[in-house]
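Listing of input-v9.cif, mmCIF, C-alpha atoms, pLDDT in the B column; chains and numbers go by the auth columns
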data_final
loop_
_atom_site.group_PDB
_atom_site.id
_atom_site.type_symbol
_atom_site.label_atom_id
_atom_site.label_comp_id
_atom_site.label_asym_id
_atom_site.label_seq_id
_atom_site.Cartn_x
_atom_site.Cartn_y
_atom_site.Cartn_z
_atom_site.B_iso_or_equiv
_atom_site.auth_seq_id
_atom_site.auth_asym_id
ATOM 1 C CA MET A 1 128.270 125.856 -157.125 48.00 102 J
ATOM 2 C CA LYS A 2 129.046 124.573 -153.623 52.00 103 J
ATOM 3 C CA ALA A 3 126.256 126.769 -152.237 54.00 104 J
ATOM 4 C CA PHE A 4 123.654 124.696 -154.113 54.00 105 J
ATOM 5 C CA THR A 5 122.578 121.339 -152.672 60.00 106 J
ATOM 6 C CA SER A 6 121.594 118.083 -154.303 60.00 107 J
ATOM 7 C CA PRO A 7 119.238 115.396 -153.005 64.00 108 J
ATOM 8 C CA ASN A 8 121.000 112.685 -150.962 64.00 109 J
ATOM 9 C CA PHE A 9 124.332 114.551 -150.927 64.00 110 J
ATOM 10 C CA ILE A 10 125.942 115.785 -147.698 67.00 111 J
ATOM 11 C CA ASN A 11 128.381 118.612 -148.400 64.00 112 J
ATOM 12 C CA GLN A 12 131.998 119.021 -147.240 63.00 113 J
ATOM 13 C CA PHE A 13 130.824 120.772 -144.061 62.00 114 J
ATOM 14 C CA GLY A 14 128.587 117.849 -143.035 67.00 115 J
ATOM 15 C CA VAL A 15 125.368 119.701 -143.883 65.00 116 J
ATOM 16 C CA SER A 16 122.480 117.648 -145.273 65.00 117 J
ATOM 17 C CA PRO A 17 120.660 118.868 -148.372 62.00 118 J
ATOM 18 C CA SER A 18 118.018 121.567 -148.015 65.00 119 J
ATOM 19 C CA LEU A 19 115.095 122.158 -150.367 64.00 120 J
ATOM 20 C CA ALA A 20 115.944 125.865 -150.268 66.00 121 J
ATOM 21 C CA GLY A 21 119.313 125.140 -151.876 67.00 122 J
ATOM 22 C CA PHE A 22 118.236 122.743 -154.660 69.00 123 J
ATOM 23 C CA PHE A 23 119.033 123.625 -158.271 68.00 124 J
ATOM 24 C CA GLU A 24 116.194 125.351 -160.143 73.00 125 J
ATOM 25 C CA PRO A 25 116.189 127.478 -163.303 82.00 126 J
ATOM 26 C CA GLY A 26 116.912 131.133 -162.488 79.00 127 J
ATOM 27 C CA LYS A 27 117.611 130.432 -158.825 72.00 128 J
ATOM 28 C CA GLN A 28 120.566 131.977 -156.996 69.00 129 J
ATOM 29 C CA PRO A 29 122.481 129.845 -154.473 64.00 130 J
ATOM 30 C CA LEU A 30 122.179 130.407 -150.740 62.00 131 J
ATOM 31 C CA SER A 31 125.363 131.786 -149.254 64.00 132 J
ATOM 32 C CA SER A 32 126.579 133.057 -145.919 61.00 133 J
ATOM 33 C CA LEU A 33 129.277 135.101 -147.661 67.00 134 J
ATOM 34 C CA TYR A 34 129.252 138.632 -146.333 71.00 135 J
ATOM 35 C CA SER A 35 131.277 141.521 -145.058 84.00 136 J
ATOM 36 C CA LEU A 36 130.348 143.520 -141.980 92.00 137 J
ATOM 37 C CA ILE A 37 130.937 147.228 -141.646 95.00 138 J
ATOM 38 C CA ILE A 38 130.800 148.326 -138.006 95.00 139 J
ATOM 39 C CA VAL A 39 130.012 152.024 -137.598 96.00 140 J
ATOM 40 C CA GLY A 40 130.334 153.956 -134.318 93.00 141 J
ATOM 41 C CA LYS A 41 127.795 156.388 -132.861 95.00 142 J
ATOM 42 C CA ASP A 42 129.727 159.172 -134.572 94.00 143 J
ATOM 43 C CA GLY A 43 129.011 157.592 -137.969 95.00 144 J
ATOM 44 C CA LYS A 44 132.658 156.705 -138.582 93.00 145 J
ATOM 45 C CA VAL A 45 133.705 153.207 -139.624 94.00 146 J
ATOM 46 C CA GLN A 46 135.237 151.331 -136.670 94.00 147 J
ATOM 47 C CA MET A 47 136.053 148.148 -138.549 96.00 148 J
ATOM 48 C CA VAL A 48 135.281 146.014 -141.565 96.00 149 J
ATOM 49 C CA VAL A 49 135.247 142.245 -141.006 96.00 150 J
ATOM 50 C CA GLY A 50 134.792 139.359 -143.409 93.00 151 J
ATOM 51 C CA ALA A 51 135.349 135.626 -143.298 91.00 152 J
ATOM 52 C CA SER A 52 135.429 132.574 -145.533 86.00 153 J
ATOM 53 C CA GLY A 53 134.852 128.928 -144.745 82.00 154 J
ATOM 54 C CA GLY A 54 131.323 127.756 -145.539 80.00 155 J
ATOM 55 C CA THR A 55 129.080 127.174 -142.550 82.00 156 J
ATOM 56 C CA GLN A 56 131.700 128.669 -140.225 88.00 157 J
ATOM 57 C CA ILE A 57 131.678 132.163 -141.773 89.00 158 J
ATOM 58 C CA THR A 58 129.171 133.713 -139.377 90.00 159 J
ATOM 59 C CA THR A 59 130.873 132.242 -136.307 92.00 160 J
ATOM 60 C CA ALA A 60 134.329 133.393 -137.435 93.00 161 J
ATOM 61 C CA ALA A 61 133.131 136.942 -138.074 94.00 162 J
ATOM 62 C CA ALA A 62 131.354 137.127 -134.705 95.00 163 J
ATOM 63 C CA LEU A 63 134.359 135.691 -132.862 95.00 164 J
ATOM 64 C CA THR A 64 136.532 138.356 -134.478 95.00 165 J
ATOM 65 C CA ILE A 65 134.244 141.290 -133.660 96.00 166 J
ATOM 66 C CA ILE A 66 133.268 140.360 -130.080 96.00 167 J
ATOM 67 C CA PRO A 67 136.780 140.228 -128.543 96.00 168 J
ATOM 68 C CA ASN A 68 137.591 143.624 -130.040 95.00 169 J
ATOM 69 C CA LEU A 69 134.364 145.487 -129.243 94.00 170 J
ATOM 70 C CA TRP A 70 133.429 143.874 -125.929 96.00 171 J
ATOM 71 C CA PHE A 71 136.782 142.927 -124.432 96.00 172 J
ATOM 72 C CA GLY A 72 139.178 145.502 -125.892 95.00 173 J
ATOM 73 C CA TYR A 73 141.453 143.100 -127.790 96.00 174 J
ATOM 74 C CA GLU A 74 143.641 144.629 -130.478 96.00 175 J
ATOM 75 C CA MET A 75 142.174 143.620 -133.842 95.00 176 J
ATOM 76 C CA LYS A 76 145.258 141.586 -134.780 96.00 177 J
ATOM 77 C CA GLN A 77 144.819 139.500 -131.625 97.00 178 J
ATOM 78 C CA ALA A 78 141.053 139.148 -132.212 96.00 179 J
ATOM 79 C CA VAL A 79 141.679 137.801 -135.736 96.00 180 J
ATOM 80 C CA GLU A 80 144.387 135.395 -134.542 95.00 181 J
ATOM 81 C CA GLU A 81 142.521 134.012 -131.492 94.00 182 J
ATOM 82 C CA PRO A 82 141.711 130.284 -131.732 95.00 183 J
ATOM 83 C CA ARG A 83 138.026 129.769 -132.513 95.00 184 J
ATOM 84 C CA LEU A 84 135.282 127.247 -131.937 95.00 185 J
ATOM 85 C CA HIS A 85 132.202 126.422 -133.994 95.00 186 J
ATOM 86 C CA ASN A 86 129.008 124.407 -133.611 94.00 187 J
ATOM 87 C CA GLN A 87 126.493 124.299 -136.469 87.00 188 J
ATOM 88 C CA LEU A 88 124.071 122.112 -134.429 87.00 189 J
ATOM 89 C CA LEU A 89 123.731 119.481 -137.171 82.00 190 J
ATOM 90 C CA PRO A 90 125.835 117.544 -136.403 86.00 191 J
ATOM 91 C CA ASN A 91 125.862 118.758 -132.789 92.00 192 J
ATOM 92 C CA ILE A 92 129.629 118.678 -132.335 94.00 193 J
ATOM 93 C CA THR A 93 131.615 121.686 -131.164 96.00 194 J
ATOM 94 C CA ILE A 94 134.751 122.037 -133.272 95.00 195 J
ATOM 95 C CA LEU A 95 137.681 123.528 -131.359 97.00 196 J
ATOM 96 C CA GLU A 96 140.783 124.954 -132.956 95.00 197 J
ATOM 97 C CA LYS A 97 143.790 123.071 -131.565 93.00 198 J
ATOM 98 C CA ASP A 98 145.256 126.071 -129.695 94.00 199 J
ATOM 99 C CA ILE A 99 142.042 127.035 -127.877 96.00 200 J
ATOM 100 C CA ASP A 100 142.402 127.713 -124.149 96.00 201 J
ATOM 101 C CA GLU A 101 142.218 124.428 -122.241 96.00 202 J
ATOM 102 C CA ALA A 102 139.745 125.987 -119.780 98.00 203 J
ATOM 103 C CA VAL A 103 137.303 126.516 -122.671 97.00 204 J
ATOM 104 C CA ALA A 104 137.641 122.903 -123.838 97.00 205 J
ATOM 105 C CA THR A 105 137.256 121.585 -120.287 97.00 206 J
ATOM 106 C CA GLY A 106 134.260 123.843 -119.629 98.00 207 J
ATOM 107 C CA LEU A 107 132.476 122.573 -122.735 97.00 208 J
ATOM 108 C CA LYS A 108 133.154 118.930 -121.850 96.00 209 J
ATOM 109 C CA THR A 109 131.910 119.563 -118.296 97.00 210 J
ATOM 110 C CA ARG A 110 128.672 120.840 -119.867 97.00 211 J
ATOM 111 C CA HIS A 111 128.424 117.601 -121.916 97.00 212 J
ATOM 112 C CA HIS A 112 129.357 119.082 -125.288 96.00 213 J
ATOM 113 C CA GLN A 113 130.722 116.642 -127.824 97.00 214 J
ATOM 114 C CA THR A 114 133.954 118.230 -129.020 97.00 215 J
ATOM 115 C CA LYS A 115 136.407 117.613 -131.814 96.00 216 J
ATOM 116 C CA VAL A 116 139.771 119.335 -132.224 96.00 217 J
ATOM 117 C CA ASN A 117 140.803 120.600 -135.661 93.00 218 J
ATOM 118 C CA THR A 118 144.072 122.257 -136.594 87.00 219 J
ATOM 119 C CA PHE A 119 142.157 124.888 -138.575 82.00 220 J
ATOM 120 C CA ILE A 120 138.598 126.192 -138.572 83.00 221 J
ATOM 121 C CA THR A 121 138.188 129.130 -140.951 87.00 222 J
ATOM 122 C CA VAL A 122 139.701 132.429 -142.029 90.00 223 J
ATOM 123 C CA ALA A 123 138.682 135.916 -140.896 93.00 224 J
ATOM 124 C CA GLN A 124 139.948 139.238 -142.196 94.00 225 J
ATOM 125 C CA SER A 125 139.565 142.737 -140.823 96.00 226 J
ATOM 126 C CA ILE A 126 140.366 146.331 -141.617 95.00 227 J
ATOM 127 C CA VAL A 127 140.541 148.924 -138.854 95.00 228 J
ATOM 128 C CA PRO A 128 141.078 152.623 -139.582 93.00 229 J
ATOM 129 C CA THR A 129 144.127 154.235 -138.009 86.00 230 J
ATOM 130 C CA ALA A 130 144.145 157.586 -136.213 84.00 231 J
ATOM 131 C CA SER A 131 145.126 159.245 -139.495 84.00 232 J
ATOM 132 C CA GLY A 132 142.186 157.647 -141.279 73.00 233 J
#

When written as structure tokens, how does the structure in this file appear?
Amino acid sequence: MKAFTSPNFINQFGVSPSLAGFFEPGKQPLSSLYSLIIVGKDGKVQMVVGASGGTQITTAAALTIIPNLWFGYEMKQAVEEPRLHNQLLPNITILEKDIDEAVATGLKTRHHQTKVNTFITVAQSIVPTASG
């Protein structure tokens, strides 16, 4: 039910109501719940990634995949890396408390409003081993 919105009610993630999410008979709620299956050029599954945490789901999944695919992080490290998130409304970049200080400083230098949280969201991944 949290995926539906009501007039004049801001949800737990600070998101204002949207007409697209209002209750209507027969309507299904909007949701960013998903799992990603990353397949290599050979057609074999490289990884499966999912996340939970409302508006932060997409960011968490992306920030799990990118370090592994682009920068060669082991998947365990990619999942455990501190994350950041900005949903634009409100335009505040949320930083996980253990994020690299250079990242926090760089954002502040670029005039980002930041807020530190002890926890952002949860990401999960499955990576096949050499034996399948």

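Coordinates place atom CA of J:Ala152 at a distance of 28.5 Å from atom CA of J:Arg211.
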
**OP:** Output the residue selection produced by the PyMOL selection byres ((chain J and resi 178) around 12) on the file above, formatted as a ChimeraX atom specification.
**Re:** /J:164-169,172-177,179-184,224-226

Original post:
Skipping near chain neighbours, those fewer than 4 positions away, what residues fall within 12 Å of J:Val217 using all atoms listed in the file, listed as a VMD selection string?
Top reply: chain J and resid 183 to 187 193 to 202 205 221

Original post:
From the list J:Thr222, J:Thr206, J:Ser136, J:Thr215, which residue is nearest J:Ser153 when using all atoms listed in the file?
Top reply: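 Answer, going by the shortest atom-to-atom distance: J:Thr222.
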
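Between atom CA of J:Ala162 and atom CA of J:Lys128 the separation is 26.7 Å.
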
**OP:** Select, from J:Lys142, J:Pro191, J:Ile227, J:Gly233, the residue with the minimum atom-to-atom distance to J:Gln214, counting all atoms listed in the file.
**Re:**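 Smallest distance to J:Gln214 is found for J:Pro191.
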
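Between atom CA of J:Thr230 and atom CA of J:Val150 lies a distance of 15.2 Å.
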
Just need the box for stretch 209-223 of chain J, edges along x, y and z, holding every atom the file lists for it with 8 Å tacked onto each side, so centre and edge lengths in Å to one decimal, as AutoDock Vina command-line options.
--center_x 136.2 --center_y 124.5 --center_z -130.2 --size_x 31.6 --size_y 31.8 --size_z 39.7

**OP:** List the residues sitting within 12 Å of (135.3, 154.2, -131.1) in the file's frame, using only C-alpha atoms, as an MDAnalysis selection string.
**Re:** chainID J and resid 139:148 169:171 173 228:231

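Among the candidates J:Gly127, J:His213, J:Ile158, J:Ile138, the one nearest to J:Asn192 when counting all atoms listed in the file is J:His213.
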